[in-house]
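Asker: run_7.cif (mmCIF, C-alpha atoms and all ligand atoms; chains and numbers go by the auth columns) pasted underneath:
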data_start
#
loop_
_atom_site.group_PDB
_atom_site.id
_atom_site.type_symbol
_atom_site.label_atom_id
_atom_site.label_comp_id
_atom_site.label_asym_id
_atom_site.label_seq_id
_atom_site.Cartn_x
_atom_site.Cartn_y
_atom_site.Cartn_z
_atom_site.B_iso_or_equiv
_atom_site.auth_seq_id
_atom_site.auth_asym_id
ATOM 1 C CA MET A 1 33.488 -63.211 36.728 0.00 59 N
ATOM 2 C CA LYS A 2 32.888 -59.799 35.217 0.00 60 N
ATOM 3 C CA LEU A 3 35.374 -57.178 36.343 0.00 61 N
ATOM 4 C CA SER A 4 32.612 -54.847 37.571 0.00 62 N
ATOM 5 C CA ILE A 5 31.127 -57.513 39.833 0.00 63 N
ATOM 6 C CA PHE A 6 34.583 -58.408 41.108 0.00 64 N
ATOM 7 C CA LEU A 7 35.313 -54.764 41.937 0.00 65 N
ATOM 8 C CA TYR A 8 31.931 -54.467 43.665 0.00 66 N
ATOM 9 C CA ILE A 9 32.748 -57.384 45.942 0.00 67 N
ATOM 10 C CA ILE A 10 36.183 -55.927 46.746 0.00 68 N
ATOM 11 C CA LYS A 11 34.522 -52.592 47.544 0.00 69 N
ATOM 12 C CA ALA A 12 31.980 -54.273 49.841 0.00 70 N
ATOM 13 C CA GLU A 13 34.761 -56.042 51.688 0.00 71 N
ATOM 14 C CA GLU A 14 36.624 -52.775 52.104 0.00 72 N
ATOM 15 C CA ASN A 15 33.518 -51.433 53.814 0.00 73 N
ATOM 16 C CA GLY A 16 33.660 -54.232 56.301 0.00 74 N
ATOM 17 C CA GLY A 17 31.206 -56.234 54.272 0.00 75 N
ATOM 18 C CA ILE A 18 28.419 -53.760 54.949 0.00 76 N
ATOM 19 C CA MET A 19 26.256 -53.769 51.877 0.00 77 N
ATOM 20 C CA VAL A 20 22.842 -53.237 53.350 0.00 78 N
ATOM 21 C CA LYS A 21 21.648 -49.962 54.806 0.00 79 N
ATOM 22 C CA ARG A 22 21.015 -49.703 58.480 0.00 80 N
ATOM 23 C CA ILE A 23 17.820 -48.391 60.086 0.00 81 N
ATOM 24 C CA ALA A 24 17.799 -47.432 63.762 0.00 82 N
ATOM 25 C CA ILE A 25 14.352 -47.461 65.362 0.00 83 N
ATOM 26 C CA ASP A 26 13.255 -45.856 68.619 0.00 84 N
ATOM 27 C CA MET A 27 10.914 -47.758 70.943 0.00 85 N
ATOM 28 C CA ASP A 28 8.555 -45.478 72.881 0.00 86 N
ATOM 29 C CA GLU A 29 5.888 -43.809 70.767 0.00 87 N
ATOM 30 C CA VAL A 30 7.309 -45.516 67.673 0.00 88 N
ATOM 31 C CA MET A 31 7.124 -49.264 68.368 0.00 89 N
ATOM 32 C CA ALA A 32 5.522 -49.127 71.816 0.00 90 N
ATOM 33 C CA ASP A 33 2.389 -47.087 72.497 0.00 91 N
ATOM 34 C CA PHE A 34 3.573 -45.194 75.560 0.00 92 N
ATOM 35 C CA VAL A 35 1.014 -42.365 75.826 0.00 93 N
ATOM 36 C CA PRO A 36 -2.243 -44.343 76.343 0.00 94 N
ATOM 37 C CA LYS A 37 -0.698 -46.186 79.292 0.00 95 N
ATOM 38 C CA GLN A 38 0.660 -42.952 80.736 0.00 96 N
ATOM 39 C CA LEU A 39 -2.773 -41.304 80.402 0.00 97 N
ATOM 40 C CA THR A 40 -4.528 -44.285 81.990 0.00 98 N
ATOM 41 C CA VAL A 41 -2.408 -44.323 85.134 0.00 99 N
ATOM 42 C CA TYR A 42 -2.365 -40.540 85.345 0.00 100 N
ATOM 43 C CA ASN A 43 -6.164 -40.183 85.016 0.00 101 N
ATOM 44 C CA ARG A 44 -6.686 -42.952 87.556 0.00 102 N
ATOM 45 C CA ASP A 45 -4.381 -41.472 90.188 0.00 103 N
ATOM 46 C CA TYR A 46 -5.090 -37.779 89.656 0.00 104 N
ATOM 47 C CA ASN A 47 -8.811 -38.054 89.037 0.00 105 N
ATOM 48 C CA GLU A 48 -8.680 -36.503 85.619 0.00 106 N
ATOM 49 C CA ASN A 49 -10.036 -37.344 82.229 0.00 107 N
ATOM 50 C CA LEU A 50 -7.318 -36.235 79.847 0.00 108 N
ATOM 51 C CA THR A 51 -7.317 -37.629 76.330 0.00 109 N
ATOM 52 C CA LEU A 52 -4.887 -37.675 73.410 0.00 110 N
ATOM 53 C CA GLU A 53 -6.563 -34.461 72.229 0.00 111 N
ATOM 54 C CA ASP A 54 -5.251 -32.660 75.313 0.00 112 N
ATOM 55 C CA LEU A 55 -1.707 -33.700 74.444 0.00 113 N
ATOM 56 C CA GLN A 56 -1.600 -32.280 70.923 0.00 114 N
ATOM 57 C CA GLY A 57 1.693 -30.412 70.653 0.00 115 N
ATOM 58 C CA LYS A 58 2.941 -31.206 74.151 0.00 116 N
ATOM 59 C CA LYS A 59 3.977 -33.935 76.526 0.00 117 N
ATOM 60 C CA LEU A 60 2.031 -34.641 79.702 0.00 118 N
ATOM 61 C CA ARG A 61 4.868 -33.271 81.830 0.00 119 N
ATOM 62 C CA GLU A 62 4.585 -29.985 79.931 0.00 120 N
ATOM 63 C CA LEU A 63 0.795 -29.881 80.365 0.00 121 N
ATOM 64 C CA ARG A 64 1.073 -30.678 84.087 0.00 122 N
ATOM 65 C CA PRO A 65 4.511 -29.351 85.117 0.00 123 N
ATOM 66 C CA ASP A 66 3.404 -29.210 88.755 0.00 124 N
ATOM 67 C CA ILE A 67 3.333 -33.003 89.001 0.00 125 N
ATOM 68 C CA LYS A 68 6.472 -33.687 86.970 0.00 126 N
ATOM 69 C CA ASP A 69 7.960 -35.723 89.828 0.00 127 N
ATOM 70 C CA GLY A 70 4.799 -37.811 90.143 0.00 128 N
ATOM 71 C CA LEU A 71 4.930 -38.611 86.438 0.00 129 N
ATOM 72 C CA ARG A 72 8.579 -39.528 86.739 0.00 130 N
ATOM 73 C CA LYS A 73 7.667 -41.983 89.499 0.00 131 N
ATOM 74 C CA TYR A 74 5.556 -44.015 87.086 0.00 132 N
ATOM 75 C CA LEU A 75 8.611 -44.598 84.920 0.00 133 N
ATOM 76 C CA MET A 76 10.596 -45.765 87.924 0.00 134 N
ATOM 77 C CA ASP A 77 8.225 -48.699 88.237 0.00 135 N
ATOM 78 C CA PRO A 78 10.236 -51.542 86.647 0.00 136 N
ATOM 79 C CA THR A 79 7.055 -53.011 85.123 0.00 137 N
ATOM 80 C CA PHE A 80 5.705 -49.832 83.525 0.00 138 N
ATOM 81 C CA PHE A 81 7.080 -50.526 80.055 0.00 139 N
ATOM 82 C CA ARG A 82 6.363 -54.262 80.083 0.00 140 N
ATOM 83 C CA ASP A 83 2.732 -54.189 78.921 0.00 141 N
ATOM 84 C CA LEU A 84 2.683 -51.285 76.462 0.00 142 N
ATOM 85 C CA GLU A 85 0.613 -51.964 73.357 0.00 143 N
ATOM 86 C CA VAL A 86 2.515 -52.617 70.156 0.00 144 N
ATOM 87 C CA MET A 87 2.094 -49.863 67.565 0.00 145 N
ATOM 88 C CA LYS A 88 -0.217 -50.941 64.780 0.00 146 N
ATOM 89 C CA ASP A 89 1.558 -52.662 61.852 0.00 147 N
ATOM 90 C CA SER A 90 5.027 -52.193 63.385 0.00 148 N
ATOM 91 C CA GLN A 91 5.697 -55.931 63.699 0.00 149 N
ATOM 92 C CA GLU A 92 4.779 -56.706 60.094 0.00 150 N
ATOM 93 C CA VAL A 93 6.627 -53.724 58.638 0.00 151 N
ATOM 94 C CA ILE A 94 9.797 -54.171 60.714 0.00 152 N
ATOM 95 C CA ARG A 95 9.843 -57.858 59.803 0.00 153 N
ATOM 96 C CA GLU A 96 9.557 -56.905 56.138 0.00 154 N
ATOM 97 C CA LEU A 97 12.232 -54.204 56.429 0.00 155 N
ATOM 98 C CA SER A 98 14.566 -56.660 58.132 0.00 156 N
ATOM 99 C CA GLU A 99 14.727 -58.625 54.897 0.00 157 N
ATOM 100 C CA SER A 100 16.349 -55.708 53.048 0.00 158 N
ATOM 101 C CA PHE A 101 17.858 -53.578 55.810 0.00 159 N
ATOM 102 C CA GLU A 102 19.850 -54.039 58.957 0.00 160 N
ATOM 103 C CA ILE A 103 17.547 -53.156 61.866 0.00 161 N
ATOM 104 C CA PHE A 104 18.750 -51.769 65.191 0.00 162 N
ATOM 105 C CA ILE A 105 16.429 -50.862 68.044 0.00 163 N
ATOM 106 C CA THR A 106 17.823 -47.749 69.691 0.00 164 N
ATOM 107 C CA THR A 107 16.140 -46.590 72.858 0.00 165 N
ATOM 108 C CA ALA A 108 17.425 -43.881 75.193 0.00 166 N
ATOM 109 C CA ALA A 109 16.861 -46.292 78.078 0.00 167 N
ATOM 110 C CA MET A 110 19.533 -44.554 80.190 0.00 168 N
ATOM 111 C CA GLU A 111 16.880 -41.890 80.805 0.00 169 N
ATOM 112 C CA VAL A 112 14.915 -44.572 82.693 0.00 170 N
ATOM 113 C CA PRO A 113 17.365 -47.235 83.920 0.00 171 N
ATOM 114 C CA ALA A 114 14.617 -49.095 85.795 0.00 172 N
ATOM 115 C CA SER A 115 13.058 -49.917 82.420 0.00 173 N
ATOM 116 C CA PHE A 116 15.876 -52.139 81.082 0.00 174 N
ATOM 117 C CA THR A 117 14.434 -55.560 81.888 0.00 175 N
ATOM 118 C CA ALA A 118 10.873 -54.678 80.904 0.00 176 N
ATOM 119 C CA LYS A 119 12.028 -53.217 77.603 0.00 177 N
ATOM 120 C CA TYR A 120 14.196 -56.219 76.816 0.00 178 N
ATOM 121 C CA GLU A 121 11.401 -58.680 77.612 0.00 179 N
ATOM 122 C CA TRP A 122 8.909 -56.609 75.632 0.00 180 N
ATOM 123 C CA LEU A 123 11.175 -56.692 72.573 0.00 181 N
ATOM 124 C CA LYS A 124 11.727 -60.447 72.911 0.00 182 N
ATOM 125 C CA GLU A 125 7.983 -61.038 73.197 0.00 183 N
ATOM 126 C CA HIS A 126 6.822 -58.833 70.340 0.00 184 N
ATOM 127 C CA PHE A 127 9.858 -58.644 68.062 0.00 185 N
ATOM 128 C CA GLY A 128 11.404 -62.034 68.706 0.00 186 N
ATOM 129 C CA PHE A 129 12.439 -62.286 65.051 0.00 187 N
ATOM 130 C CA LEU A 130 15.094 -59.593 65.625 0.00 188 N
ATOM 131 C CA ASN A 131 18.548 -60.477 66.875 0.00 189 N
ATOM 132 C CA ASP A 132 18.844 -59.199 70.428 0.00 190 N
ATOM 133 C CA MET A 133 22.442 -58.216 69.675 0.00 191 N
ATOM 134 C CA ASN A 134 20.778 -55.428 67.655 0.00 192 N
ATOM 135 C CA PHE A 135 19.039 -53.953 70.701 0.00 193 N
ATOM 136 C CA VAL A 136 20.857 -50.785 71.749 0.00 194 N
ATOM 137 C CA PHE A 137 20.006 -49.374 75.162 0.00 195 N
ATOM 138 C CA CYS A 138 21.745 -46.040 75.014 0.00 196 N
ATOM 139 C CA GLY A 139 21.792 -42.509 76.351 0.00 197 N
ATOM 140 C CA ASP A 140 22.946 -39.944 73.806 0.00 198 N
ATOM 141 C CA LYS A 141 21.906 -41.207 70.372 0.00 199 N
ATOM 142 C CA SER A 142 24.690 -39.314 68.592 0.00 200 N
ATOM 143 C CA ILE A 143 26.755 -42.482 69.084 0.00 201 N
ATOM 144 C CA ILE A 144 24.429 -44.384 66.751 0.00 202 N
ATOM 145 C CA ARG A 145 25.887 -45.021 63.308 0.00 203 N
ATOM 146 C CA ALA A 146 23.048 -45.794 60.976 0.00 204 N
ATOM 147 C CA ASP A 147 21.697 -44.551 57.664 0.00 205 N
ATOM 148 C CA TYR A 148 18.272 -43.733 59.119 0.00 206 N
ATOM 149 C CA LEU A 149 16.792 -43.049 62.528 0.00 207 N
ATOM 150 C CA ILE A 150 13.033 -43.327 63.054 0.00 208 N
ATOM 151 C CA ASP A 151 12.170 -41.415 66.222 0.00 209 N
ATOM 152 C CA ASP A 152 9.384 -39.283 67.692 0.00 210 N
ATOM 153 C CA ASN A 153 11.865 -36.948 69.441 0.00 211 N
ATOM 154 C CA ALA A 154 13.382 -34.591 66.879 0.00 212 N
ATOM 155 C CA ARG A 155 16.173 -33.585 69.288 0.00 213 N
ATOM 156 C CA HIS A 156 17.946 -36.851 68.446 0.00 214 N
ATOM 157 C CA PHE A 157 18.293 -35.772 64.818 0.00 215 N
ATOM 158 C CA LYS A 158 20.487 -32.779 65.676 0.00 216 N
ATOM 159 C CA THR A 159 23.586 -34.901 66.174 0.00 217 N
ATOM 160 C CA PHE A 160 22.586 -37.907 64.094 0.00 218 N
ATOM 161 C CA MET A 161 24.730 -38.351 60.978 0.00 219 N
ATOM 162 C CA GLY A 162 22.117 -40.128 58.862 0.00 220 N
ATOM 163 C CA GLN A 163 18.595 -39.264 57.766 0.00 221 N
ATOM 164 C CA GLY A 164 16.199 -38.559 60.620 0.00 222 N
ATOM 165 C CA ILE A 165 12.599 -39.652 60.134 0.00 223 N
ATOM 166 C CA LEU A 166 10.088 -38.119 62.527 0.00 224 N
ATOM 167 C CA TYR A 167 7.425 -40.579 63.649 0.00 225 N
ATOM 168 C CA THR A 168 4.244 -38.653 64.385 0.00 226 N
ATOM 169 C CA ALA A 169 3.266 -38.516 68.051 0.00 227 N
ATOM 170 C CA PRO A 170 0.832 -36.133 69.776 0.00 228 N
ATOM 171 C CA HIS A 171 3.680 -34.053 71.213 0.00 229 N
ATOM 172 C CA ASN A 172 5.410 -33.468 67.849 0.00 230 N
ATOM 173 C CA ILE A 173 2.330 -32.812 65.742 0.00 231 N
ATOM 174 C CA ASN A 174 3.200 -29.134 65.115 0.00 232 N
ATOM 175 C CA LEU A 175 6.873 -29.613 64.217 0.00 233 N
ATOM 176 C CA THR A 176 7.810 -28.830 60.645 0.00 234 N
ATOM 177 C CA GLY A 177 10.936 -29.224 58.569 0.00 235 N
ATOM 178 C CA TYR A 178 11.407 -32.966 59.051 0.00 236 N
ATOM 179 C CA VAL A 179 10.794 -36.033 56.971 0.00 237 N
ATOM 180 C CA ARG A 180 7.667 -37.287 58.694 0.00 238 N
ATOM 181 C CA VAL A 181 5.818 -40.599 58.810 0.00 239 N
ATOM 182 C CA ASN A 182 2.373 -40.853 60.403 0.00 240 N
ATOM 183 C CA ASN A 183 2.182 -44.604 60.864 0.00 241 N
ATOM 184 C CA TRP A 184 3.957 -47.833 59.986 0.00 242 N
ATOM 185 C CA GLN A 185 2.355 -48.045 56.553 0.00 243 N
ATOM 186 C CA ASP A 186 4.038 -44.692 55.832 0.00 244 N
ATOM 187 C CA VAL A 187 7.345 -46.206 56.964 0.00 245 N
ATOM 188 C CA ARG A 188 6.756 -49.121 54.636 0.00 246 N
ATOM 189 C CA LYS A 189 6.105 -46.766 51.723 0.00 247 N
ATOM 190 C CA TYR A 190 9.182 -44.666 52.513 0.00 248 N
ATOM 191 C CA PHE A 191 11.577 -47.609 52.436 0.00 249 N
ATOM 192 C CA LEU A 192 9.910 -50.137 50.179 0.00 250 N
ATOM 193 C CA GLY A 193 7.783 -47.951 47.896 0.00 251 N
HETATM 194 MG MG MG B . 10.415 -42.253 71.602 0.00 1 G
#
So, in terms of C-alpha cells, how does the structure I just supplied come out?
Ligand SMILES: [Mg+2]
Answerer:
Amino acid sequence: MKLSIFLYIIKAEENGGIMVKRIAIDMDEVMADFVPKQLTVYNRDYNENLTLEDLQGKKLRELRPDIKDGLRKYLMDPTFFRDLEVMKDSQEVIRELSESFEIFITTAAMEVPASFTAKYEWLKEHFGFLNDMNFVFCGDKSIIRADYLIDDNARHFKTFMGQGILYTAPHNINLTGYVRVNNWQDVRKYFLG
C-alpha cells in the first residue's frame, strides 16, 4: 500500500470515518410544495382568489396579518402536511446526491409539533430510499452539523456553520447576497456539475 493512501485512511478514521460531505435539506418549500396547499385552503375559507403572484416577496401571514391566527390553525391540523405535492425533480436529484453525499432532512418541525406524524409518513412515502435515522425534526437549526444547508428561510443560515444555499420560494424572491438555487436541477448542477 502506498504511504499516501495509508495516511489518507488513517486521516479518515481520525475524522470518525467521515469521508463524504453532508447535505442538510429543509422540507417545506424545498422538498414539499407548501404554498399551493396553503393558498387553496385559504382561498376556500376566506373567499379570496390569491395566487403565487400575490405572495412575491412575502409570506401569506405577512400579506394578511389580521388573520395570522386563522392561518396558524391550518398548521395545527395533523393532516395538513400529509398530502403536500413533492417539489419537481426533488426525488430524482436527492436520490442521485445520496450516492455521493450524506443526506439529512432537517425540518424545524418544533414550530408545528402537530405535523410530526404527517411529515414522517410523507417522507417515508416519497423519499423511502433515505434512511429514516437521517430525518431530523428540530427547532433551532444551529445545532445541525453539515457542510451544506438547502433552505428557503435565510434566517437559518445566520448560525449555520456550513454553506447555506437559498432555495427560491415566493417569499424570498427579493433577497440578495446568498448562494441561490431556483429548482432541483439547479441543485443538481451545484453539487454534481
Ligand atoms: Mg422551508
Asker: Identify, on the basis of all atoms listed in the file, every residue whose closest approach to N:Met145 does not exceed 8 Å; exclude the query and any residue fewer than 6 positions from it along the same chain; express the result as a JSON list (two decimals) with C-alpha atoms, keeping the file's coordinate frame.
Answerer:
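In the end it all went to around_3.json:
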[["chain", "number", "residue", "atom", "x", "y", "z"],
["N", 87, "GLU", "CA", 5.89, -43.81, 70.77],
["N", 88, "VAL", "CA", 7.31, -45.52, 67.67],
["N", 89, "MET", "CA", 7.12, -49.26, 68.37],
["N", 90, "ALA", "CA", 5.52, -49.13, 71.82],
["N", 91, "ASP", "CA", 2.39, -47.09, 72.50]]
Asker: Find the residues around N:Asp210 up to 9 Å (only C-alpha atoms counted), leave out those fewer than 4 positions away in its own chain, and share them as a ChimeraX atom specification.
Answerer: /N:84,86-88,214,223-227,229-230
Asker: Please produce an output containing C-alpha atoms for each residue in the selection, written as a compact mmCIF listing (two decimals), keeping the file's coordinate frame.
Answerer:
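The resulting file, result-v7.txt, is reproduced below:
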# COMPACT_ATOMS: atom_id res chain seq x y z
CA ASP N 84 13.26 -45.86 68.62
CA ASP N 86 8.56 -45.48 72.88
CA GLU N 87 5.89 -43.81 70.77
CA VAL N 88 7.31 -45.52 67.67
CA HIS N 214 17.95 -36.85 68.45
CA ILE N 223 12.60 -39.65 60.13
CA LEU N 224 10.09 -38.12 62.53
CA TYR N 225 7.42 -40.58 63.65
CA THR N 226 4.24 -38.65 64.39
CA ALA N 227 3.27 -38.52 68.05
CA HIS N 229 3.68 -34.05 71.21
CA ASN N 230 5.41 -33.47 67.85
Asker: Starting from the displayed file, determine the output of the PyMOL selection byres (((chain N and resi 205) around 12) and not hetatm) and express the residue list as a list of chain:residue names.
Answerer: N:Ile76, N:Met77, N:Val78, N:Lys79, N:Arg80, N:Ile81, N:Ala82, N:Ile83, N:Phe159, N:Glu160, N:Ile161, N:Phe162, N:Ile202, N:Arg203, N:Ala204, N:Tyr206, N:Leu207, N:Ile208, N:Phe215, N:Phe218, N:Met219, N:Gly220, N:Gln221, N:Gly222, N:Ile223, N:Phe249
Asker: Would you please work out which residue, of N:Lys116, N:His184, N:Lys126, N:Arg153, is nearest to N:Met85 when using only C-alpha atoms?
Answerer: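 Looking only at the distances to N:Met85, the closest residue turns out to be N:His184.
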Asker: Considering only C-alpha atoms, can you say which of N:Asp147, N:Glu157, N:Asp135, N:Asp198 comes closest to N:Phe174?
Answerer: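 Closest to N:Phe174 of all the choices is N:Asp135.
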Asker: To one decimal place in Å, what is the distance between atom CA of N:Glu169 and atom CA of N:Tyr132?
Answerer: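 It comes out at 13.1 Å.
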Asker: Interatomic distance between atom CA of N:Val170 and atom CA of N:Gly186?
Answerer: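 Going from atom CA of N:Val170 over to atom CA of N:Gly186, I get 22.6 Å.
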